[in-house]
Structures are given as structure tokens and as C-alpha cells.
Amino acid sequence: MKIRRLTLLGSVAGLCLLLLSLQTRGHASGAADALARVTVPVQSGVAAVNRAAHGVWATYLDWKNVRGENRRLREENRQLRVESLWVSETTEENLRLRRLLALHDRLPVPTMAGEVIAREWGGWVRSLTVNRGRADQVARLTAVISPEGLVGRVVEVRPGASIVQVLTDPASTVGAHVVRTRTAGIVEGEPRGTIRFKYLAREGGGIQAGDLVVTAGLSGVFPRGIPIGRVTAIDDRGSALFHYAQLAPLVDFARIDEVLLVTGERMQDLTAFFPGGSER
């Protein structure tokens with residue numbers, strides 16, 4: 001290896017001496033041209049390789065920067081979506097609580113606010129659990145309402161919670177009447193998770209789709225005039241003793257989060273305190 005280096009060094013030195021000798025004799029131009037013909041293609045190739053290498057490196061750096069920027073933008077986008085959902089949920093919660101507070105303030109009977117902490121499902125919501133119980137002096141059969149209308153009644157009181165039977169429970173029955181026609185009947189829950197209005201056939205000739213059904217207030221459990229639902233269809237059973245009307249509940253039991261428990265006098269008429277209660 002050392003001999004090769006010495007040989008290469010000697011060759012380079014000899015070439016330099018030869019060029020100096022030719023230059024002193026006036027042959028430098030020809031030698032330079034000959035050298036240029038050899039070295040220019042090599043230099044051009046080296047320059048091309050150098051430019052290509054710089055281009056590849058620049059492309060790699062750009063790609064790396066773009067990946068980093070995309071990663072940062074994705075994280076910012078995710079954070080913005082989370083913040084947007086949080087703001088939206090907070091806004092909706094504030095609106096719900098404002099409506100609940102407004103109903104609490106305008107009702108002529110004492111009420112207690114409660115939060116829904118659990119739901120019993122059986123293909124549909126059968127009952128709700130609220131965070132009010134014996135410590136809050138909640139009594140069994142307490143009426144439970146929302147700004148939309150009737151939710152149900154308390155059927156079990158525990159130390160820190162109460163179980164609310166909702167209208168769609170097949171065991172639920174509520175005395176009611178149609179606001180427009182004053183047709184009296186009973187609202188019943190059905191096994192498929194819907195509710196219906198059962199009334200005497202001879203009294204129900206004027207019921208129409210869209211009619212509002214409210215509590216009758218005769219049982220002493222529910223105050224009078226709390227909206228229950230609207231008629232969606234009439235089940236005409238001819239000469240049968242009872243006819244039925246399908247109702248769409250005004251309360252969405254799967255989504256309700258806050259309720260009011262009516263702790264005061266239940267014989268009050270609340271017709272004027274709910275939207276649509278005074279329809280004719």
C-alpha cells in the first residue's frame with residue numbers, strides 16, 4: 001500500500017514537471033487543451049453528481065419537514081375537535097340547565113332538581129335513576145317532570161338515589177285527557193317501548209293526529225296539565241268499549257339528563273306553565 005502511494009505521488013510530481021517543462025517551451029496551450037479534454041468530462045460528472053446529491057438531500061429535508069408539519073397539524077386538528085365538542089356540550093348543558101331553572105322558578109309548586117345517573121334498558125328505557133334519595137326527603141310516587149313534560153314517577157327511594165318509572169314502562173299508567181276535546185282516558189306504556197292513550201269510544205270521535213295529551217290530575221299523583229305526548233295515529237276498534245290513540249312522548253327518555261321532582265302539592269293545575277298546555 002505504501003509503495004502504491006509513493007508511486008502515485010511520483011507520477012503526479014512527474015506530470016507537474018512535464019507541464020512546467022512544456023510551458024517553458026511554449027507548448028503549455030496544447031498540453032492544457034489535452035488536459036482539459038480529459039478533466040472537463042470528469043469535472044462535469046462530478047458536478048452533476050454533486051447537484052443530484054444536493055437535490056436528493058433537499059428533497060429528503062423537505063419531505064421530513066412536511067411530515068413533521070402534517071403531524072403537528074393533525075394534532076392541532078384533533079385538539080380543536082376536542083375543544084369544539086367540549087364547547088358544544090357545555091353550551092347544550094347550559095341551555096338545558098337554564099330551561100330547567102326557568103321552569104323551577106315559574107312553577108307554583110316546590111320542586112327539586114335531580115341529575116339522571118343511570119338508565120335501565122330493555123330494548124328501550126324502562127326506568128331512570130336520579131341522584132336524589134332519602135337524605136333529600138324524596139317520597140315514593142313523587143312526580144318527575146322536565147321542561148318538555150312528564151317523565152314519570154318515583155317507584156323506589158334509596159339512601160342516595162331514586163328509581164323513576166318512565167311513561168314507556170308497560171306497568172306505567174297515567175290519567176290524562178286531550179287538551180282540545182277534553183276526552184278523558186289513560187296513558188299506558190307498551191312492551192315495545194311506546195305509549196298509547198286508551199279512551200271510551202263514544203267520547204273519542206274528535207281526537208286527531210297532533211292533539212296534545214296532558215295529565216288529568218285526578219289520581220293525586222300527578223298535578224294537572226303536565227304535557228305527556230301528541231297523538232300520532234288513531235286505532236279505531238269499531239264497537240269495542242275502548243279505542244286507542246298512539247302517542248309520541250314529548251320527553252326523550254334516552255337523552256334526558258336533568259329532571260325536577262315535584263315535592264309540593266300535587267293537586268295544582270300546571271296547564272299554564274308548559275308550552276302548548278292551553279291549546280284549544
# chains A, B, ... in the order shown; residues from 1 in each chain; ligands from 1

$ select_by_dssp --residues "stretch 45-197 of chain A" --states "alpha helix (DSSP H)" --output "number ranges by chain"
A: 45-106

$ residues_around --residues "stretch 221-233 of chain A" --least-positions-apart "6" --cutoff "10 Å" --atoms "only C-alpha atoms" --output "VMD selection string"
chain A and resid 109 140 to 153 167 174 to 179 187 195 to 197 207 to 215 244 to 251 262 264 to 278

$ closest_residue --among "A:Leu241, A:Val130, A:Leu200, A:Val259" --to "A:Ser162" --atoms "only C-alpha atoms"
A:Val130

$ atom_distance --atom1 "atom CA of A:Val164" --atom2 "atom CA of A:Glu190"
16.7 Å

$ select_by_dssp --residues "stretch 33-253 of chain A" --states "strand (DSSP E)" --output "ChimeraX atom specification"
/A:111-121,125-130,143-145,150-157,162-166,173-178,184-189,195-200,212-215,227-235,242-249

$ atom_distance --atom1 "atom CA of A:Thr194" --atom2 "atom CA of A:Arg180"
22.3 Å

$ residues_around --residues "A:Ala254" --least-positions-apart "4" --cutoff "8 Å" --atoms "only C-alpha atoms" --output "VMD selection string"
chain A and resid 119 124 to 125
